[in-house]
file entry_28.pdb (PDB, C-alpha atoms, pLDDT in the B column)
ATOM      1  CA  MET A  96       0.000   0.000   0.000  1.00 47.00           C
ATOM      2  CA  ALA A  97       1.255   3.471  -0.915  1.00 52.00           C
ATOM      3  CA  GLY A  98       2.729   5.259   2.070  1.00 53.00           C
ATOM      4  CA  ASP A  99       2.611   2.245   4.399  1.00 52.00           C
ATOM      5  CA  GLU A 100       6.335   1.561   4.519  1.00 50.00           C
ATOM      6  CA  ASP A 101       8.377   0.271   7.436  1.00 48.00           C
ATOM      7  CA  ASN A 102       9.842   2.948   9.661  1.00 47.00           C
ATOM      8  CA  SER A 103      12.621   0.955  11.286  1.00 42.00           C
ATOM      9  CA  ASN A 104      15.689  -1.023  10.277  1.00 45.00           C
ATOM     10  CA  LYS A 105      15.945  -4.779  10.234  1.00 43.00           C
ATOM     11  CA  ASN A 106      17.010  -4.952  13.881  1.00 46.00           C
ATOM     12  CA  ASN A 107      14.236  -2.574  15.023  1.00 53.00           C
ATOM     13  CA  ASN A 108      16.754  -0.819  17.288  1.00 51.00           C
ATOM     14  CA  THR A 109      17.479   2.407  15.400  1.00 59.00           C
ATOM     15  CA  PRO A 110      15.364   4.511  13.031  1.00 57.00           C
ATOM     16  CA  ASP A 111      15.764   4.009   9.302  1.00 67.00           C
ATOM     17  CA  HIS A 112      17.236   7.261   7.994  1.00 69.00           C
ATOM     18  CA  ASP A 113      16.084   6.383   4.467  1.00 69.00           C
ATOM     19  CA  SER A 114      12.451   6.077   5.503  1.00 80.00           C
ATOM     20  CA  SER A 115      10.048   8.796   4.392  1.00 83.00           C
ATOM     21  CA  TYR A 116       8.787   8.845   7.971  1.00 83.00           C
ATOM     22  CA  TYR A 117      12.160   9.604   9.514  1.00 83.00           C
ATOM     23  CA  LEU A 118      12.528  12.989  11.200  1.00 83.00           C
ATOM     24  CA  HIS A 119      15.914  14.202  12.311  1.00 79.00           C
ATOM     25  CA  PRO A 120      16.172  15.411  15.931  1.00 79.00           C
ATOM     26  CA  SER A 121      17.108  18.867  14.610  1.00 76.00           C
ATOM     27  CA  ASP A 122      13.933  19.143  12.507  1.00 78.00           C
ATOM     28  CA  TYR A 123      11.244  21.469  13.758  1.00 76.00           C
ATOM     29  CA  PRO A 124       8.084  22.884  12.073  1.00 73.00           C
ATOM     30  CA  ARG A 125       9.062  26.541  11.883  1.00 73.00           C
ATOM     31  CA  GLN A 126      12.326  26.054  10.027  1.00 73.00           C
ATOM     32  CA  MET A 127      12.968  28.408   7.099  1.00 70.00           C
ATOM     33  CA  GLN A 128      13.960  26.085   4.251  1.00 71.00           C
ATOM     34  CA  VAL A 129      14.123  28.442   1.257  1.00 80.00           C
ATOM     35  CA  ASN A 130      16.088  31.600   0.543  1.00 82.00           C
ATOM     36  CA  GLU A 131      13.025  33.818   0.272  1.00 85.00           C
ATOM     37  CA  ALA A 132       9.507  33.548   1.681  1.00 87.00           C
ATOM     38  CA  LEU A 133       6.712  32.946  -0.817  1.00 90.00           C
ATOM     39  CA  PHE A 134       4.830  36.008  -2.041  1.00 85.00           C
ATOM     40  CA  ASP A 135       2.689  36.583  -5.113  1.00 76.00           C
ATOM     41  CA  LYS A 136       5.579  37.009  -7.580  1.00 79.00           C
ATOM     42  CA  ASN A 137       8.173  34.364  -6.716  1.00 85.00           C
ATOM     43  CA  TYR A 138       6.190  31.113  -6.796  1.00 86.00           C
ATOM     44  CA  ALA A 139       8.300  29.473  -9.541  1.00 85.00           C
ATOM     45  CA  ASP A 140      11.566  29.959  -7.646  1.00 86.00           C
ATOM     46  CA  TRP A 141      10.007  29.129  -4.281  1.00 90.00           C
ATOM     47  CA  VAL A 142       8.424  25.877  -5.424  1.00 89.00           C
ATOM     48  CA  GLN A 143      11.674  24.660  -7.002  1.00 87.00           C
ATOM     49  CA  GLU A 144      13.635  25.292  -3.811  1.00 90.00           C
ATOM     50  CA  MET A 145      10.978  23.650  -1.663  1.00 89.00           C
ATOM     51  CA  GLU A 146      10.769  20.589  -3.912  1.00 90.00           C
ATOM     52  CA  ASN A 147      14.548  20.179  -3.728  1.00 88.00           C
ATOM     53  CA  PHE A 148      14.464  20.427   0.048  1.00 88.00           C
ATOM     54  CA  LEU A 149      11.621  17.932   0.438  1.00 89.00           C
ATOM     55  CA  PHE A 150      13.258  15.527  -1.993  1.00 88.00           C
ATOM     56  CA  ALA A 151      16.480  15.654   0.019  1.00 85.00           C
ATOM     57  CA  LYS A 152      14.440  14.935   3.158  1.00 86.00           C
ATOM     58  CA  SER A 153      12.644  11.996   1.443  1.00 87.00           C
ATOM     59  CA  LYS A 154       9.345  13.846   1.986  1.00 89.00           C
ATOM     60  CA  ILE A 155       8.340  14.718  -1.595  1.00 88.00           C
ATOM     61  CA  GLY A 156       5.733  11.937  -1.547  1.00 90.00           C
ATOM     62  CA  PHE A 157       3.720  13.773   1.097  1.00 91.00           C
ATOM     63  CA  ILE A 158       2.978  16.638  -1.278  1.00 90.00           C
ATOM     64  CA  ASP A 159       2.690  14.832  -4.617  1.00 84.00           C
ATOM     65  CA  GLY A 160       0.208  12.280  -3.277  1.00 79.00           C
ATOM     66  CA  THR A 161       2.374   9.163  -3.559  1.00 86.00           C
ATOM     67  CA  ILE A 162       2.539   8.814   0.226  1.00 87.00           C
ATOM     68  CA  GLU A 163      -1.146   8.779   1.061  1.00 87.00           C
ATOM     69  CA  LYS A 164      -2.683   9.518   4.425  1.00 87.00           C
ATOM     70  CA  LEU A 165      -2.859   6.302   6.425  1.00 86.00           C
ATOM     71  CA  GLU A 166      -5.831   4.891   8.289  1.00 87.00           C
ATOM     72  CA  LYS A 167      -5.768   5.041  12.080  1.00 87.00           C
ATOM     73  CA  THR A 168      -5.413   1.267  12.147  1.00 89.00           C
ATOM     74  CA  SER A 169      -2.087   1.410  10.286  1.00 87.00           C
ATOM     75  CA  LYS A 170       1.041   0.890  12.378  1.00 89.00           C
ATOM     76  CA  ASN A 171       2.543   3.993  10.731  1.00 83.00           C
ATOM     77  CA  HIS A 172      -0.474   6.260  11.164  1.00 90.00           C
ATOM     78  CA  MET A 173       1.126   8.414  13.878  1.00 92.00           C
ATOM     79  CA  ALA A 174       4.435   8.528  12.000  1.00 91.00           C
ATOM     80  CA  TRP A 175       2.556   9.799   8.944  1.00 91.00           C
ATOM     81  CA  MET A 176       0.732  12.413  11.010  1.00 92.00           C
ATOM     82  CA  ARG A 177       3.977  13.659  12.592  1.00 91.00           C
ATOM     83  CA  CYS A 178       5.709  14.001   9.229  1.00 91.00           C
ATOM     84  CA  ASP A 179       2.761  15.718   7.601  1.00 92.00           C
ATOM     85  CA  ALA A 180       2.514  18.187  10.486  1.00 91.00           C
ATOM     86  CA  MET A 181       6.225  18.911  10.135  1.00 90.00           C
ATOM     87  CA  ILE A 182       5.909  19.507   6.388  1.00 91.00           C
ATOM     88  CA  LYS A 183       2.931  21.822   6.893  1.00 92.00           C
ATOM     89  CA  GLY A 184       5.116  23.807   9.275  1.00 91.00           C
ATOM     90  CA  TRP A 185       7.939  23.952   6.740  1.00 90.00           C
ATOM     91  CA  LEU A 186       5.579  25.147   4.018  1.00 93.00           C
ATOM     92  CA  THR A 187       3.703  27.790   5.992  1.00 91.00           C
ATOM     93  CA  THR A 188       6.833  29.165   7.647  1.00 89.00           C
ATOM     94  CA  THR A 189       8.184  29.997   4.201  1.00 89.00           C
ATOM     95  CA  MET A 190       5.153  32.075   3.191  1.00 91.00           C
ATOM     96  CA  GLU A 191       4.424  35.769   3.392  1.00 89.00           C
ATOM     97  CA  LYS A 192       2.006  36.420   6.262  1.00 86.00           C
ATOM     98  CA  GLY A 193      -0.970  37.240   4.051  1.00 84.00           C
ATOM     99  CA  ILE A 194      -0.652  33.924   2.195  1.00 87.00           C
ATOM    100  CA  ARG A 195       0.082  31.892   5.319  1.00 87.00           C
ATOM    101  CA  GLY A 196      -3.138  33.042   6.964  1.00 85.00           C
ATOM    102  CA  SER A 197      -5.289  31.414   4.298  1.00 83.00           C
ATOM    103  CA  PHE A 198      -3.984  27.945   5.216  1.00 85.00           C
ATOM    104  CA  LYS A 199      -4.889  28.048   8.900  1.00 81.00           C
ATOM    105  CA  TYR A 200      -7.493  25.289   8.595  1.00 82.00           C
ATOM    106  CA  VAL A 201      -6.000  23.132   5.837  1.00 86.00           C
ATOM    107  CA  ASN A 202      -5.685  19.493   6.893  1.00 88.00           C
ATOM    108  CA  THR A 203      -2.691  18.117   4.988  1.00 91.00           C
ATOM    109  CA  ALA A 204       0.517  19.252   3.331  1.00 92.00           C
ATOM    110  CA  SER A 205      -0.676  17.931  -0.041  1.00 92.00           C
ATOM    111  CA  GLU A 206      -3.771  20.155   0.184  1.00 91.00           C
ATOM    112  CA  ILE A 207      -1.549  23.184   0.775  1.00 91.00           C
ATOM    113  CA  TRP A 208       0.655  22.207  -2.160  1.00 91.00           C
ATOM    114  CA  LYS A 209      -2.309  21.750  -4.512  1.00 88.00           C
ATOM    115  CA  ASP A 210      -3.860  25.026  -3.394  1.00 86.00           C
ATOM    116  CA  LEU A 211      -0.643  26.927  -4.048  1.00 87.00           C
ATOM    117  CA  ARG A 212      -0.340  25.427  -7.536  1.00 84.00           C
ATOM    118  CA  GLU A 213      -3.932  26.414  -8.355  1.00 78.00           C
ATOM    119  CA  ARG A 214      -3.450  29.904  -6.961  1.00 79.00           C
ATOM    120  CA  PHE A 215      -0.035  30.801  -8.351  1.00 79.00           C
ATOM    121  CA  GLY A 216       0.507  28.351 -11.225  1.00 71.00           C
ATOM    122  CA  LYS A 217       0.657  29.423 -14.869  1.00 58.00           C
ATOM    123  CA  GLU A 218      -3.014  28.641 -15.462  1.00 47.00           C
ATOM    124  CA  CYS A 219      -3.928  31.566 -13.161  1.00 50.00           C
ATOM    125  CA  ALA A 220      -1.573  34.032 -14.859  1.00 47.00           C
ATOM    126  CA  PRO A 221      -4.115  36.231 -16.769  1.00 49.00           C
ATOM    127  CA  LYS A 222      -6.275  37.012 -13.733  1.00 55.00           C
ATOM    128  CA  ALA A 223      -3.224  37.327 -11.489  1.00 56.00           C
ATOM    129  CA  TYR A 224      -1.741  39.873 -13.881  1.00 50.00           C
ATOM    130  CA  GLU A 225      -4.946  41.889 -13.857  1.00 59.00           C
ATOM    131  CA  LEU A 226      -5.074  41.960 -10.062  1.00 62.00           C
ATOM    132  CA  LYS A 227      -1.361  42.726  -9.706  1.00 59.00           C
ATOM    133  CA  ASN A 228      -1.713  45.588 -12.166  1.00 61.00           C
ATOM    134  CA  GLN A 229      -4.539  47.075 -10.114  1.00 62.00           C
ATOM    135  CA  LEU A 230      -2.476  46.573  -6.961  1.00 64.00           C
ATOM    136  CA  THR A 231       0.516  48.356  -8.518  1.00 63.00           C
ATOM    137  CA  ILE A 232      -1.628  51.322  -9.563  1.00 66.00           C
ATOM    138  CA  THR A 233      -3.029  51.589  -6.047  1.00 63.00           C
ATOM    139  CA  ARG A 234       0.416  51.399  -4.417  1.00 59.00           C
ATOM    140  CA  LYS A 235       1.728  54.184  -6.660  1.00 58.00           C
ATOM    141  CA  ASP A 236      -1.020  56.495  -5.464  1.00 55.00           C
ATOM    142  CA  GLY A 237       0.764  59.025  -3.248  1.00 50.00           C
ATOM    143  CA  THR A 238      -0.421  59.851   0.253  1.00 44.00           C
ATOM    144  CA  SER A 239       0.046  62.681   2.698  1.00 40.00           C
ATOM    145  CA  THR A 240      -2.406  61.366   5.301  1.00 38.00           C
ATOM    146  CA  THR A 241      -1.784  59.448   8.500  1.00 54.00           C
ATOM    147  CA  CYS A 242      -0.788  55.777   8.412  1.00 48.00           C
ATOM    148  CA  GLY A 243      -4.212  54.427   9.440  1.00 53.00           C
ATOM    149  CA  THR A 244      -6.124  56.572   6.971  1.00 59.00           C
ATOM    150  CA  SER A 245      -3.649  55.768   4.218  1.00 65.00           C
ATOM    151  CA  ARG A 246      -4.093  52.038   4.780  1.00 64.00           C
ATOM    152  CA  LYS A 247      -7.875  52.326   4.489  1.00 71.00           C
ATOM    153  CA  ARG A 248      -7.725  54.633   1.467  1.00 74.00           C
ATOM    154  CA  LYS A 249      -5.393  52.332  -0.461  1.00 74.00           C
ATOM    155  CA  ALA A 250      -7.462  49.251   0.358  1.00 76.00           C
ATOM    156  CA  TYR A 251     -10.626  51.082  -0.748  1.00 78.00           C
ATOM    157  CA  ALA A 252      -8.953  52.276  -3.950  1.00 77.00           C
ATOM    158  CA  PHE A 253      -7.868  48.743  -4.821  1.00 78.00           C
ATOM    159  CA  LEU A 254     -11.322  47.279  -4.151  1.00 81.00           C
ATOM    160  CA  MET A 255     -13.159  49.986  -6.073  1.00 79.00           C
ATOM    161  CA  GLY A 256     -10.943  49.313  -9.077  1.00 79.00           C
ATOM    162  CA  LEU A 257     -12.237  45.735  -9.369  1.00 80.00           C
ATOM    163  CA  ASP A 258     -15.150  44.705 -11.581  1.00 79.00           C
ATOM    164  CA  MET A 259     -18.577  43.505 -10.467  1.00 81.00           C
ATOM    165  CA  ASP A 260     -17.463  39.856 -10.228  1.00 82.00           C
ATOM    166  CA  PHE A 261     -15.786  40.802  -6.943  1.00 84.00           C
ATOM    167  CA  ASN A 262     -18.776  42.554  -5.342  1.00 85.00           C
ATOM    168  CA  VAL A 263     -19.316  39.891  -2.668  1.00 88.00           C
ATOM    169  CA  ILE A 264     -15.705  39.771  -1.491  1.00 87.00           C
ATOM    170  CA  LYS A 265     -15.501  43.579  -1.623  1.00 85.00           C
ATOM    171  CA  THR A 266     -18.468  43.817   0.763  1.00 85.00           C
ATOM    172  CA  GLN A 267     -16.943  41.209   3.085  1.00 87.00           C
ATOM    173  CA  ILE A 268     -13.566  42.956   3.211  1.00 85.00           C
ATOM    174  CA  LEU A 269     -15.099  46.374   3.814  1.00 82.00           C
ATOM    175  CA  ALA A 270     -16.952  44.902   6.811  1.00 83.00           C
ATOM    176  CA  ILE A 271     -13.710  43.749   8.473  1.00 83.00           C
ATOM    177  CA  THR A 272     -12.532  45.799  11.478  1.00 79.00           C
ATOM    178  CA  PRO A 273      -9.872  47.048  11.472  1.00 79.00           C
ATOM    179  CA  THR A 274      -9.513  47.488   7.738  1.00 77.00           C
ATOM    180  CA  PRO A 275      -6.975  44.978   6.306  1.00 79.00           C
ATOM    181  CA  ASN A 276      -3.807  46.383   4.808  1.00 78.00           C
ATOM    182  CA  LEU A 277      -3.369  46.421   1.045  1.00 76.00           C
ATOM    183  CA  GLY A 278      -1.385  43.179   0.888  1.00 76.00           C
ATOM    184  CA  THR A 279      -3.947  41.226   2.910  1.00 80.00           C
ATOM    185  CA  THR A 280      -6.793  42.721   0.873  1.00 82.00           C
ATOM    186  CA  TYR A 281      -5.101  41.612  -2.343  1.00 81.00           C
ATOM    187  CA  HIS A 282      -4.647  38.045  -1.129  1.00 79.00           C
ATOM    188  CA  LEU A 283      -8.275  37.825   0.022  1.00 84.00           C
ATOM    189  CA  VAL A 284      -9.408  38.916  -3.427  1.00 84.00           C
ATOM    190  CA  VAL A 285      -7.111  36.395  -5.141  1.00 82.00           C
ATOM    191  CA  GLU A 286      -8.424  33.618  -2.890  1.00 82.00           C
ATOM    192  CA  ASP A 287     -12.015  34.586  -3.723  1.00 83.00           C
ATOM    193  CA  GLU A 288     -11.248  34.484  -7.450  1.00 81.00           C
ATOM    194  CA  ARG A 289      -9.627  31.070  -7.099  1.00 78.00           C
ATOM    195  CA  GLN A 290     -12.558  29.640  -5.144  1.00 79.00           C
ATOM    196  CA  ARG A 291     -15.078  30.945  -7.683  1.00 76.00           C
ATOM    197  CA  ALA A 292     -13.055  29.432 -10.523  1.00 75.00           C
ATOM    198  CA  ILE A 293     -13.055  26.046  -8.774  1.00 71.00           C
ATOM    199  CA  THR A 294     -16.832  26.256  -8.244  1.00 67.00           C
ATOM    200  CA  ILE A 295     -17.412  27.011 -11.918  1.00 62.00           C
ATOM    201  CA  ASP A 296     -15.206  24.094 -12.985  1.00 56.00           C
ATOM    202  CA  LYS A 297     -17.207  21.711 -10.790  1.00 55.00           C
ATOM    203  CA  ARG A 298     -20.604  22.682 -12.238  1.00 55.00           C
ATOM    204  CA  PRO A 299     -22.203  19.799 -14.160  1.00 59.00           C
ATOM    205  CA  THR A 300     -22.299  20.200 -17.919  1.00 55.00           C
ATOM    206  CA  MET A 301     -25.549  19.646 -19.818  1.00 54.00           C
TER     207      MET A 301
END
call {"tool": "encode", "arguments": {"input": "entry_28.pdb", "output": "structure tokens"}}
result
Amino acid sequence: MAGDEDNSNKNNNTPDHDSSYYLHPSDYPRQMQVNEALFDKNYADWVQEMENFLFAKSKIGFIDGTIEKLEKTSKNHMAWMRCDAMIKGWLTTTMEKGIRGSFKYVNTASEIWKDLRERFGKECAPKAYELKNQLTITRKDGTSTTCGTSRKRKAYAFLMGLDMDFNVIKTQILAITPTPNLGTTYHLVVEDERQRAITIDKRPTM
């Protein structure tokens, strides 16, 4: 069965360092494993570095689906859970705060990985470009007001520049207290666009 490999050596005395379930004593969830945290423009470089790191750690199977989540009755269930929790920590630690916040309730590392690919992969490029362009225009807007007012004004300017497809998320963001900063607002809008695209794809065809 995929993912249900032995986690010990033949003598059962020491851990098998080649096992995908092996965690080194120096491993901890909030390690920074890439040169630069993930933000909306560096996904291609980030994902390559992270894949290399996970491959070196024999953990790539946890994100590509080849090491599946094990049933509670499996002898390696807890080992799987520990490794997956560690990988989730590695992934989220290497994300910009606004992105990291959207994965607070995600269950597995593979779900995070898939979500990132859907959000930042090439197939999302046209809409991402449109949103980034609007974000850039908003950021270039000069300000001579206080910090708090400036944050609200820039968030409002960005939201008002979006088309009617974003009316629901615009209303939700404007109801948040205190007003999110521009970066957080942008990521909330991108997440809404991604979720709506997934919903449309899942609609039955006649």
call {"tool": "resolve_selection", "arguments": {"input": "entry_28.pdb", "expression": "the PyMOL selection byres ((chain A and resi 279) around 12)", "output": "ChimeraX atom specification"}}
result
/A:134-135,191-197,230,246-247,249-250,253-254,268,271,273-278,280-286
call {"tool": "write_last_selection", "arguments": {"input": "entry_28.pdb", "atoms": "C-alpha atoms", "output": "PDB file, keeping the file's coordinate frame"}}
result
ATOM      1  CA  PHE A 134       4.830  36.008  -2.041  1.00 85.00           C
ATOM      2  CA  ASP A 135       2.689  36.583  -5.113  1.00 76.00           C
ATOM      3  CA  GLU A 191       4.424  35.769   3.392  1.00 89.00           C
ATOM      4  CA  LYS A 192       2.006  36.420   6.262  1.00 86.00           C
ATOM      5  CA  GLY A 193      -0.970  37.240   4.051  1.00 84.00           C
ATOM      6  CA  ILE A 194      -0.652  33.924   2.195  1.00 87.00           C
ATOM      7  CA  ARG A 195       0.082  31.892   5.319  1.00 87.00           C
ATOM      8  CA  GLY A 196      -3.138  33.042   6.964  1.00 85.00           C
ATOM      9  CA  SER A 197      -5.289  31.414   4.298  1.00 83.00           C
ATOM     10  CA  LEU A 230      -2.476  46.573  -6.961  1.00 64.00           C
ATOM     11  CA  ARG A 246      -4.093  52.038   4.780  1.00 64.00           C
ATOM     12  CA  LYS A 247      -7.875  52.326   4.489  1.00 71.00           C
ATOM     13  CA  LYS A 249      -5.393  52.332  -0.461  1.00 74.00           C
ATOM     14  CA  ALA A 250      -7.462  49.251   0.358  1.00 76.00           C
ATOM     15  CA  PHE A 253      -7.868  48.743  -4.821  1.00 78.00           C
ATOM     16  CA  LEU A 254     -11.322  47.279  -4.151  1.00 81.00           C
ATOM     17  CA  ILE A 268     -13.566  42.956   3.211  1.00 85.00           C
ATOM     18  CA  ILE A 271     -13.710  43.749   8.473  1.00 83.00           C
ATOM     19  CA  PRO A 273      -9.872  47.048  11.472  1.00 79.00           C
ATOM     20  CA  THR A 274      -9.513  47.488   7.738  1.00 77.00           C
ATOM     21  CA  PRO A 275      -6.975  44.978   6.306  1.00 79.00           C
ATOM     22  CA  ASN A 276      -3.807  46.383   4.808  1.00 78.00           C
ATOM     23  CA  LEU A 277      -3.369  46.421   1.045  1.00 76.00           C
ATOM     24  CA  GLY A 278      -1.385  43.179   0.888  1.00 76.00           C
ATOM     25  CA  THR A 280      -6.793  42.721   0.873  1.00 82.00           C
ATOM     26  CA  TYR A 281      -5.101  41.612  -2.343  1.00 81.00           C
ATOM     27  CA  HIS A 282      -4.647  38.045  -1.129  1.00 79.00           C
ATOM     28  CA  LEU A 283      -8.275  37.825   0.022  1.00 84.00           C
ATOM     29  CA  VAL A 284      -9.408  38.916  -3.427  1.00 84.00           C
ATOM     30  CA  VAL A 285      -7.111  36.395  -5.141  1.00 82.00           C
ATOM     31  CA  GLU A 286      -8.424  33.618  -2.890  1.00 82.00           C
TER      32      GLU A 286
END
call {"tool": "atom_distance", "arguments": {"input": "entry_28.pdb", "atom1": "atom CA of A:Thr203", "atom2": "atom CA of A:Ala180"}}
result
7.6 Å
call {"tool": "resolve_selection", "arguments": {"input": "entry_28.pdb", "expression": "the PyMOL selection byres ((chain A and resi 206-210) around 12)", "output": "PyMOL selection string"}}
result
chain A and resi 138+141-142+145-146+155-160+163-164+179-180+182-187+190+194-205+211-216+219+285-286+289-290+293
call {"tool": "write_last_selection", "arguments": {"input": "entry_28.pdb", "atoms": "C-alpha atoms", "output": "PDB file, keeping the file's coordinate frame"}}
result
ATOM      1  CA  TYR A 138       6.190  31.113  -6.796  1.00 86.00           C
ATOM      2  CA  TRP A 141      10.007  29.129  -4.281  1.00 90.00           C
ATOM      3  CA  VAL A 142       8.424  25.877  -5.424  1.00 89.00           C
ATOM      4  CA  MET A 145      10.978  23.650  -1.663  1.00 89.00           C
ATOM      5  CA  GLU A 146      10.769  20.589  -3.912  1.00 90.00           C
ATOM      6  CA  ILE A 155       8.340  14.718  -1.595  1.00 88.00           C
ATOM      7  CA  GLY A 156       5.733  11.937  -1.547  1.00 90.00           C
ATOM      8  CA  PHE A 157       3.720  13.773   1.097  1.00 91.00           C
ATOM      9  CA  ILE A 158       2.978  16.638  -1.278  1.00 90.00           C
ATOM     10  CA  ASP A 159       2.690  14.832  -4.617  1.00 84.00           C
ATOM     11  CA  GLY A 160       0.208  12.280  -3.277  1.00 79.00           C
ATOM     12  CA  GLU A 163      -1.146   8.779   1.061  1.00 87.00           C
ATOM     13  CA  LYS A 164      -2.683   9.518   4.425  1.00 87.00           C
ATOM     14  CA  ASP A 179       2.761  15.718   7.601  1.00 92.00           C
ATOM     15  CA  ALA A 180       2.514  18.187  10.486  1.00 91.00           C
ATOM     16  CA  ILE A 182       5.909  19.507   6.388  1.00 91.00           C
ATOM     17  CA  LYS A 183       2.931  21.822   6.893  1.00 92.00           C
ATOM     18  CA  GLY A 184       5.116  23.807   9.275  1.00 91.00           C
ATOM     19  CA  TRP A 185       7.939  23.952   6.740  1.00 90.00           C
ATOM     20  CA  LEU A 186       5.579  25.147   4.018  1.00 93.00           C
ATOM     21  CA  THR A 187       3.703  27.790   5.992  1.00 91.00           C
ATOM     22  CA  MET A 190       5.153  32.075   3.191  1.00 91.00           C
ATOM     23  CA  ILE A 194      -0.652  33.924   2.195  1.00 87.00           C
ATOM     24  CA  ARG A 195       0.082  31.892   5.319  1.00 87.00           C
ATOM     25  CA  GLY A 196      -3.138  33.042   6.964  1.00 85.00           C
ATOM     26  CA  SER A 197      -5.289  31.414   4.298  1.00 83.00           C
ATOM     27  CA  PHE A 198      -3.984  27.945   5.216  1.00 85.00           C
ATOM     28  CA  LYS A 199      -4.889  28.048   8.900  1.00 81.00           C
ATOM     29  CA  TYR A 200      -7.493  25.289   8.595  1.00 82.00           C
ATOM     30  CA  VAL A 201      -6.000  23.132   5.837  1.00 86.00           C
ATOM     31  CA  ASN A 202      -5.685  19.493   6.893  1.00 88.00           C
ATOM     32  CA  THR A 203      -2.691  18.117   4.988  1.00 91.00           C
ATOM     33  CA  ALA A 204       0.517  19.252   3.331  1.00 92.00           C
ATOM     34  CA  SER A 205      -0.676  17.931  -0.041  1.00 92.00           C
ATOM     35  CA  LEU A 211      -0.643  26.927  -4.048  1.00 87.00           C
ATOM     36  CA  ARG A 212      -0.340  25.427  -7.536  1.00 84.00           C
ATOM     37  CA  GLU A 213      -3.932  26.414  -8.355  1.00 78.00           C
ATOM     38  CA  ARG A 214      -3.450  29.904  -6.961  1.00 79.00           C
ATOM     39  CA  PHE A 215      -0.035  30.801  -8.351  1.00 79.00           C
ATOM     40  CA  GLY A 216       0.507  28.351 -11.225  1.00 71.00           C
ATOM     41  CA  CYS A 219      -3.928  31.566 -13.161  1.00 50.00           C
ATOM     42  CA  VAL A 285      -7.111  36.395  -5.141  1.00 82.00           C
ATOM     43  CA  GLU A 286      -8.424  33.618  -2.890  1.00 82.00           C
ATOM     44  CA  ARG A 289      -9.627  31.070  -7.099  1.00 78.00           C
ATOM     45  CA  GLN A 290     -12.558  29.640  -5.144  1.00 79.00           C
ATOM     46  CA  ILE A 293     -13.055  26.046  -8.774  1.00 71.00           C
TER      47      ILE A 293
END
call {"tool": "atom_distance", "arguments": {"input": "entry_28.pdb", "atom1": "atom CA of A:Arg248", "atom2": "atom CA of A:Val263"}}
result
19.2 Å
call {"tool": "closest_residue", "arguments": {"input": "entry_28.pdb", "among": "A:Asp258, A:Ala139, A:Leu118, A:Arg125", "to": "A:Arg177", "atoms": "all atoms listed in the file"}}
result
A:Leu118
call {"tool": "atom_distance", "arguments": {"input": "entry_28.pdb", "atom1": "atom CA of A:Gln143", "atom2": "atom CA of A:Cys178"}}
result
20.3 Å
call {"tool": "resolve_selection", "arguments": {"input": "entry_28.pdb", "expression": "the PyMOL selection byres ((chain A and resi 116) around 7)", "output": "PyMOL selection string"}}
result
chain A and resi 102+114-115+117-118+174-175+178
call {"tool": "write_last_selection", "arguments": {"input": "entry_28.pdb", "atoms": "C-alpha atoms", "output": "compact mmCIF listing (two decimals), in the frame of the given file"}}
result
# COMPACT_ATOMS: atom_id res chain seq x y z
CA ASN A 102 9.84 2.95 9.66
CA SER A 114 12.45 6.08 5.50
CA SER A 115 10.05 8.80 4.39
CA TYR A 117 12.16 9.60 9.51
CA LEU A 118 12.53 12.99 11.20
CA ALA A 174 4.43 8.53 12.00
CA TRP A 175 2.56 9.80 8.94
CA CYS A 178 5.71 14.00 9.23
call {"tool": "closest_residue", "arguments": {"input": "entry_28.pdb", "among": "A:Lys152, A:Lys167, A:Arg291, A:Lys265", "to": "A:His119", "atoms": "all atoms listed in the file"}}
result
A:Lys152
call {"tool": "axis_aligned_box", "arguments": {"input": "entry_28.pdb", "around": "stretch 120-129 of chain A", "padding_each_side": "8 Å", "output": "AutoDock Vina command-line options"}}
result
--center_x 12.6 --center_y 21.9 --center_z 8.6 --size_x 25.0 --size_y 29.0 --size_z 30.7
